[in-house]
Amino acid sequence: MDIDPVKRELIKNRLVTIADNMMLAVVRTARSTVVKNNMDFSASICDADGQMVAQGLAVPVHLGATMPALRGCLDYFGDDIHEGDILASNDPYAGGSHLNDIFMFKPVFGEGRRIAFLGLIMHHTDMGGRVPGGNAADSNEIHQEGLRIPPSKIVERGQVNRTLWRIIEHNVRVPERNAGDLKAQMAALGLGEKELLKVLEDHPPDELDRYMKELIDYSERLTREGIRQLPEGEYEFADWNDDDGIGSGPVKIRVKLTVRGDTIVADFTGTSPQTGGALHTNYWFTASCTYAALRSVFDPRMPNNAGFYRPITVIAPEGCWVNPVYPAALGARGQGGHRVRMVVLGALAQMLPDRMPACVGGSEFAIVIAGHHTNRKPFLYLDFHNNSGLGGGPDRDGQDAGPYCLGNMANTPVELVEAENPILMEEYGFLPDTGGPGKYRGALALVRSYRLLADEAMLQLRSDRERFSPWGLFGGKSGASARSYLNKGTANEQRIPSKFMGKIRRGDVFRGEMAASGGYGDPLERDPDAVLEDVRQEKMSVRHAFEEYGVVICADMRRLDLEATSSERDKRRQKD
């Protein structure tokens, strides 16, 4: 094939820019906090056959599920796809993820033929069902979770499908917000179509199709070459979910990574069987989380498209916790997906100990506070806060409150939470003495406290990491566990479980203490000056510095007692 590598790079960058511009359009026009601020959505471009060619700066774990969702639509509609159509689906049993994630695909035509699909996946605030927000951990089948949209046309030949639109409007609790986000999603696809048609002005359909296929093949070649650079062998890791969402557990998630030549097999055999609850991950979300974790160890300049997936095989036995069978509930599958990512990263740490950090903190935290204003107008606050910064790594501490590349969701500012909801955020900060001790410390835990200002509301919490803390590596210790409370420090204090749903009333305060990240390496090897700096910044107490690191700090908290520190550390090493 006559391919110009310079032209290939230019086309790749134009396609990625289109995907990014679709995302920017969503941020500017969406109505819900979870989309415009939390940025729980993703954009991509697929070729005419449904193979992903480019993706925007998005939530990585969405994108491995994009092609299966599009394939579900293509299998249903076949040749009945026309210019002006927009396909939509949220059905996890037709390639989707969970009901709140609505996938939309817009075919783009040039010179009378289909040349591509533009894709947008967006988390919608509510899809009906028994619990506001759709993230309840204790649902037992998908029919309890809300409106299930099979592969459909939400726009047909340029005309909105009013029947489907009205069905959605009449089955959700905040129809204005859902409608605004749906319109933002469709408008962004329209913008993407206009920009892709401009690309056709410079590259006719045959040429563009040839280069899109080459971009996928190019990514596959780079991926296979990257795999060849990895040490061959089998690498196993297991982690645990506290429970299954309905009180049973714990749940074991196990993976074995096998690297042979230019291929990787990720085998989840040995994972706990499917149970009740809604924390399961369906096969394609399991695969998507696996792809995202593996992608983190390859050259970041590699094009992100379907070519990356080709050398990777994901095995998840049917009926296990990461590949449940119909009609399993999947609404809270995001929390299970975090555990899938962590076990793959744990296996990679066995393979690449000099590159991988310890376990990320956070408690896979999702919160819904829903009720009515005094005028009976509903409010529904939904927020995800899934990480507290990275674990300690081979050469540095985990960045406190820093970004986690596999989550890649944005912080929702306190001011916006308070402006849009009857909620007062009373606390948002670090918890000292929580980061996993190590030569390189894990990031500190975060705490968020919410006071209800309405008369009454439903509080729904989806979190984890209370029983099984974020793990450390190579002598590093675990980060502090997660904890959740109602009205902590008062006569009405109540410790609540990590999966909780119940009524709260005016003045009640929910406090979520997220898990801290794990440490890396022996804590007795940590630089005493780094310990002193943590104490000065109030990230660590003098007592914690001594108990975990053997560092003796003078009473003024400005100086180290190096002689006493050396003596204390020698004593502890001799004991060991």
# chains A, B, ... in the order shown; residues from 1 in each chain; ligands from 1
>>> residues_around(residues="A:Asn241", least_positions_apart="5", cutoff="7 Å", atoms="only C-alpha atoms", output="mmCIF file with N, CA and C atoms, in the first residue's frame")
data_model
loop_
_atom_site.group_PDB
_atom_site.id
_atom_site.type_symbol
_atom_site.label_atom_id
_atom_site.label_comp_id
_atom_site.auth_asym_id
_atom_site.auth_seq_id
_atom_site.Cartn_x
_atom_site.Cartn_y
_atom_site.Cartn_z
ATOM 1 N N PRO A 250 -16.121 -11.566 50.769
ATOM 2 C CA PRO A 250 -15.593 -10.690 49.724
ATOM 3 C C PRO A 250 -15.576 -11.354 48.349
ATOM 4 N N VAL A 251 -15.294 -10.551 47.331
ATOM 5 C CA VAL A 251 -15.234 -11.021 45.952
ATOM 6 C C VAL A 251 -13.785 -10.969 45.485
ATOM 7 N N LYS A 252 -13.311 -12.083 44.963
ATOM 8 C CA LYS A 252 -11.929 -12.160 44.470
ATOM 9 C C LYS A 252 -11.893 -11.890 42.971
ATOM 10 N N ASP A 464 -15.885 1.459 48.285
ATOM 11 C CA ASP A 464 -15.228 0.197 48.640
ATOM 12 C C ASP A 464 -13.941 0.531 49.391
#
>>> select_by_dssp(residues="stretch 207-279 of chain A", states="alpha helix (DSSP H)", output="VMD selection string")
chain A and resid 207 to 228
>>> write_last_selection(atoms="N, CA, C and O atoms", output="tab-separated table (two decimals), in the first residue's frame")
chain	number	residue	atom	x	y	z
A	207	GLU	N	-8.94	7.47	-0.44
A	207	GLU	CA	-7.68	7.75	0.22
A	207	GLU	C	-7.85	7.78	1.74
A	207	GLU	O	-7.05	7.20	2.48
A	208	LEU	N	-8.91	8.44	2.21
A	208	LEU	CA	-9.13	8.51	3.65
A	208	LEU	C	-9.35	7.12	4.23
A	208	LEU	O	-8.80	6.78	5.29
A	209	ASP	N	-10.13	6.29	3.54
A	209	ASP	CA	-10.36	4.92	4.01
A	209	ASP	C	-9.05	4.15	4.08
A	209	ASP	O	-8.80	3.41	5.03
A	210	ARG	N	-8.20	4.33	3.07
A	210	ARG	CA	-6.91	3.63	3.05
A	210	ARG	C	-6.05	4.06	4.23
A	210	ARG	O	-5.43	3.22	4.90
A	211	TYR	N	-6.03	5.35	4.52
A	211	TYR	CA	-5.19	5.83	5.62
A	211	TYR	C	-5.78	5.47	6.99
A	211	TYR	O	-5.04	5.24	7.95
A	212	MET	N	-7.10	5.42	7.10
A	212	MET	CA	-7.68	4.99	8.37
A	212	MET	C	-7.32	3.54	8.66
A	212	MET	O	-6.96	3.19	9.80
A	213	LYS	N	-7.41	2.70	7.66
A	213	LYS	CA	-7.02	1.30	7.86
A	213	LYS	C	-5.53	1.18	8.18
A	213	LYS	O	-5.11	0.36	9.01
A	214	GLU	N	-4.72	2.02	7.53
A	214	GLU	CA	-3.28	1.99	7.80
A	214	GLU	C	-2.98	2.47	9.22
A	214	GLU	O	-2.08	1.93	9.88
A	215	LEU	N	-3.73	3.46	9.71
A	215	LEU	CA	-3.51	3.92	11.08
A	215	LEU	C	-3.76	2.79	12.08
A	215	LEU	O	-3.03	2.64	13.07
A	216	ILE	N	-4.80	2.00	11.82
A	216	ILE	CA	-5.09	0.86	12.70
A	216	ILE	C	-3.97	-0.18	12.61
A	216	ILE	O	-3.47	-0.68	13.63
A	217	ASP	N	-3.55	-0.48	11.39
A	217	ASP	CA	-2.46	-1.45	11.21
A	217	ASP	C	-1.15	-0.94	11.83
A	217	ASP	O	-0.38	-1.71	12.41
A	218	TYR	N	-0.91	0.35	11.67
A	218	TYR	CA	0.30	0.96	12.24
A	218	TYR	C	0.32	0.83	13.76
A	218	TYR	O	1.34	0.46	14.36
A	219	SER	N	-0.82	1.11	14.39
A	219	SER	CA	-0.91	0.96	15.84
A	219	SER	C	-0.69	-0.49	16.25
A	219	SER	O	-0.01	-0.77	17.25
A	220	GLU	N	-1.23	-1.42	15.47
A	220	GLU	CA	-1.01	-2.84	15.78
A	220	GLU	C	0.47	-3.19	15.70
A	220	GLU	O	1.02	-3.88	16.58
A	221	ARG	N	1.16	-2.71	14.66
A	221	ARG	CA	2.59	-3.01	14.53
A	221	ARG	C	3.37	-2.45	15.72
A	221	ARG	O	4.24	-3.13	16.28
A	222	LEU	N	3.07	-1.22	16.11
A	222	LEU	CA	3.76	-0.61	17.25
A	222	LEU	C	3.46	-1.37	18.55
A	222	LEU	O	4.34	-1.54	19.40
A	223	THR	N	2.21	-1.80	18.71
A	223	THR	CA	1.84	-2.53	19.91
A	223	THR	C	2.59	-3.85	19.98
A	223	THR	O	3.14	-4.23	21.03
A	224	ARG	N	2.62	-4.58	18.89
A	224	ARG	CA	3.32	-5.86	18.87
A	224	ARG	C	4.81	-5.67	19.15
A	224	ARG	O	5.42	-6.46	19.88
A	225	GLU	N	5.38	-4.60	18.61
A	225	GLU	CA	6.79	-4.35	18.88
A	225	GLU	C	6.98	-3.99	20.35
A	225	GLU	O	7.96	-4.41	20.99
A	226	GLY	N	6.04	-3.22	20.92
A	226	GLY	CA	6.12	-2.91	22.34
A	226	GLY	C	6.01	-4.14	23.22
A	226	GLY	O	6.70	-4.26	24.24
A	227	ILE	N	5.15	-5.08	22.84
A	227	ILE	CA	5.01	-6.32	23.61
A	227	ILE	C	6.29	-7.12	23.56
A	227	ILE	O	6.71	-7.73	24.57
A	228	ARG	N	6.95	-7.12	22.42
A	228	ARG	CA	8.22	-7.86	22.31
A	228	ARG	C	9.28	-7.31	23.27
A	228	ARG	O	10.20	-8.04	23.65
>>> residues_around(residues="A:His372", least_positions_apart="3", cutoff="9 Å", atoms="only C-alpha atoms", output="JSON, numbers by chain")
{"A": [375, 376, 377, 378, 379, 380, 454, 455, 456, 457]}
>>> residues_around(residues="A:Pro357", least_positions_apart="3", cutoff="12 Å", atoms="only C-alpha atoms", output="MDAnalysis selection string")
chainID A and resid 296:297 342 345:350 352:354 360:361 389:399 404 436 438:443 470:474 476 517:521
>>> write_last_selection(atoms="C-alpha atoms", output="PDB file, in the first residue's frame")
ATOM      1  CA  SER A 296      -0.317   2.694  30.398  1.00  0.00           C
ATOM      2  CA  VAL A 297       2.993   0.837  29.902  1.00  0.00           C
ATOM      3  CA  MET A 342      -5.984  -2.612  39.815  1.00  0.00           C
ATOM      4  CA  LEU A 345      -1.741  -3.046  37.214  1.00  0.00           C
ATOM      5  CA  GLY A 346      -0.717  -5.385  40.063  1.00  0.00           C
ATOM      6  CA  ALA A 347       0.274  -8.050  37.548  1.00  0.00           C
ATOM      7  CA  LEU A 348       2.196  -5.429  35.558  1.00  0.00           C
ATOM      8  CA  ALA A 349       4.049  -4.494  38.757  1.00  0.00           C
ATOM      9  CA  GLN A 350       5.300  -8.076  38.986  1.00  0.00           C
ATOM     10  CA  LEU A 352       7.898  -4.290  35.560  1.00  0.00           C
ATOM     11  CA  PRO A 353       8.814  -3.582  39.194  1.00  0.00           C
ATOM     12  CA  ASP A 354      11.007  -0.646  38.289  1.00  0.00           C
ATOM     13  CA  VAL A 360      -4.007   4.091  43.696  1.00  0.00           C
ATOM     14  CA  GLY A 361      -6.130   5.437  46.527  1.00  0.00           C
ATOM     15  CA  GLY A 389      -3.725  10.313  43.913  1.00  0.00           C
ATOM     16  CA  LEU A 390      -1.232   7.654  42.849  1.00  0.00           C
ATOM     17  CA  GLY A 391       0.595   5.187  45.004  1.00  0.00           C
ATOM     18  CA  GLY A 392       4.272   5.554  45.748  1.00  0.00           C
ATOM     19  CA  GLY A 393       6.432   4.640  42.775  1.00  0.00           C
ATOM     20  CA  PRO A 394       9.955   3.427  42.081  1.00  0.00           C
ATOM     21  CA  ASP A 395      11.393   6.937  42.274  1.00  0.00           C
ATOM     22  CA  ARG A 396       8.797   9.306  43.750  1.00  0.00           C
ATOM     23  CA  ASP A 397       5.907   9.768  46.154  1.00  0.00           C
ATOM     24  CA  GLY A 398       2.350   9.497  44.965  1.00  0.00           C
ATOM     25  CA  GLN A 399       1.054  12.966  44.138  1.00  0.00           C
ATOM     26  CA  TYR A 404      -5.118   8.946  37.936  1.00  0.00           C
ATOM     27  CA  GLY A 436       0.796   4.144  52.605  1.00  0.00           C
ATOM     28  CA  GLY A 438       7.176   3.394  52.064  1.00  0.00           C
ATOM     29  CA  LYS A 439      10.492   4.596  50.762  1.00  0.00           C
ATOM     30  CA  TYR A 440       8.143   6.557  48.540  1.00  0.00           C
ATOM     31  CA  ARG A 441       4.894   7.403  50.284  1.00  0.00           C
ATOM     32  CA  GLY A 442       1.434   6.867  48.853  1.00  0.00           C
ATOM     33  CA  ALA A 443      -0.877   9.818  48.329  1.00  0.00           C
ATOM     34  CA  PRO A 470      -4.936  -0.111  48.550  1.00  0.00           C
ATOM     35  CA  TRP A 471      -1.878  -2.351  48.470  1.00  0.00           C
ATOM     36  CA  GLY A 472       1.761  -1.369  48.734  1.00  0.00           C
ATOM     37  CA  LEU A 473       4.656  -2.820  46.737  1.00  0.00           C
ATOM     38  CA  PHE A 474       8.045  -4.282  47.598  1.00  0.00           C
ATOM     39  CA  GLY A 476       5.646  -0.554  51.060  1.00  0.00           C
ATOM     40  CA  SER A 517      -2.728   5.096  48.197  1.00  0.00           C
ATOM     41  CA  GLY A 518      -0.176   2.365  48.886  1.00  0.00           C
ATOM     42  CA  GLY A 519       3.525   2.911  49.518  1.00  0.00           C
ATOM     43  CA  TYR A 520       6.518   1.621  47.577  1.00  0.00           C
ATOM     44  CA  GLY A 521       9.637   0.155  49.200  1.00  0.00           C
TER      45      GLY A 521
END
>>> atom_distance(atom1="atom CA of A:Cys73", atom2="atom CA of A:Pro150")
8.4 Å
>>> atom_distance(atom1="atom CA of A:Asn323", atom2="atom CA of A:Leu74")
22.5 Å
>>> atom_distance(atom1="atom CA of A:Asp242", atom2="atom CA of A:Arg462")
11.6 Å
>>> residues_around(residues="A:Arg173", least_positions_apart="6", cutoff="8 Å", atoms="only C-alpha atoms", output="list in words")
Asp126, Met127, Gly128, Pro132 and Pro378 of chain A
>>> closest_residue(among="A:Thr275, A:Thr490, A:Asn161, A:Thr263", to="A:Thr313", atoms="only C-alpha atoms")
A:Thr263
>>> residues_around(residues="A:Ala137", least_positions_apart="5", cutoff="8 Å", atoms="only C-alpha atoms", output="VMD selection string")
chain A and resid 244 to 246 277 to 279 331 to 332 462 499
>>> write_last_selection(atoms="N, CA and C atoms", output="PDB file, in the first residue's frame")
ATOM      1  N   ASP A 244     -20.219  -7.815  47.465  1.00  0.00           N
ATOM      2  CA  ASP A 244     -20.843  -7.846  46.145  1.00  0.00           C
ATOM      3  C   ASP A 244     -21.956  -6.821  45.984  1.00  0.00           C
ATOM      4  N   GLY A 245     -22.138  -5.964  46.982  1.00  0.00           N
ATOM      5  CA  GLY A 245     -23.176  -4.946  46.909  1.00  0.00           C
ATOM      6  C   GLY A 245     -24.445  -5.296  47.644  1.00  0.00           C
ATOM      7  N   ILE A 246     -24.616  -6.570  47.999  1.00  0.00           N
ATOM      8  CA  ILE A 246     -25.815  -6.975  48.734  1.00  0.00           C
ATOM      9  C   ILE A 246     -25.451  -7.717  50.018  1.00  0.00           C
ATOM     10  N   GLY A 277     -26.378  -8.311  43.248  1.00  0.00           N
ATOM     11  CA  GLY A 277     -25.790  -6.981  43.268  1.00  0.00           C
ATOM     12  C   GLY A 277     -25.480  -6.466  41.880  1.00  0.00           C
ATOM     13  N   ALA A 278     -25.057  -5.203  41.821  1.00  0.00           N
ATOM     14  CA  ALA A 278     -24.880  -4.516  40.541  1.00  0.00           C
ATOM     15  C   ALA A 278     -23.451  -4.061  40.308  1.00  0.00           C
ATOM     16  N   LEU A 279     -22.483  -4.680  40.990  1.00  0.00           N
ATOM     17  CA  LEU A 279     -21.090  -4.262  40.865  1.00  0.00           C
ATOM     18  C   LEU A 279     -20.341  -5.018  39.775  1.00  0.00           C
ATOM     19  N   GLY A 331     -25.472  -1.609  37.057  1.00  0.00           N
ATOM     20  CA  GLY A 331     -25.501  -0.167  37.235  1.00  0.00           C
ATOM     21  C   GLY A 331     -24.297   0.397  37.961  1.00  0.00           C
ATOM     22  N   ALA A 332     -23.765  -0.345  38.940  1.00  0.00           N
ATOM     23  CA  ALA A 332     -22.615   0.120  39.725  1.00  0.00           C
ATOM     24  C   ALA A 332     -21.319  -0.519  39.238  1.00  0.00           C
ATOM     25  N   ARG A 462     -21.915   4.438  46.781  1.00  0.00           N
ATOM     26  CA  ARG A 462     -21.247   3.287  46.189  1.00  0.00           C
ATOM     27  C   ARG A 462     -19.755   3.482  46.369  1.00  0.00           C
ATOM     28  N   LYS A 499     -21.544   0.383  50.842  1.00  0.00           N
ATOM     29  CA  LYS A 499     -22.690   0.428  49.924  1.00  0.00           C
ATOM     30  C   LYS A 499     -23.911   0.721  50.777  1.00  0.00           C
TER      31      LYS A 499
END
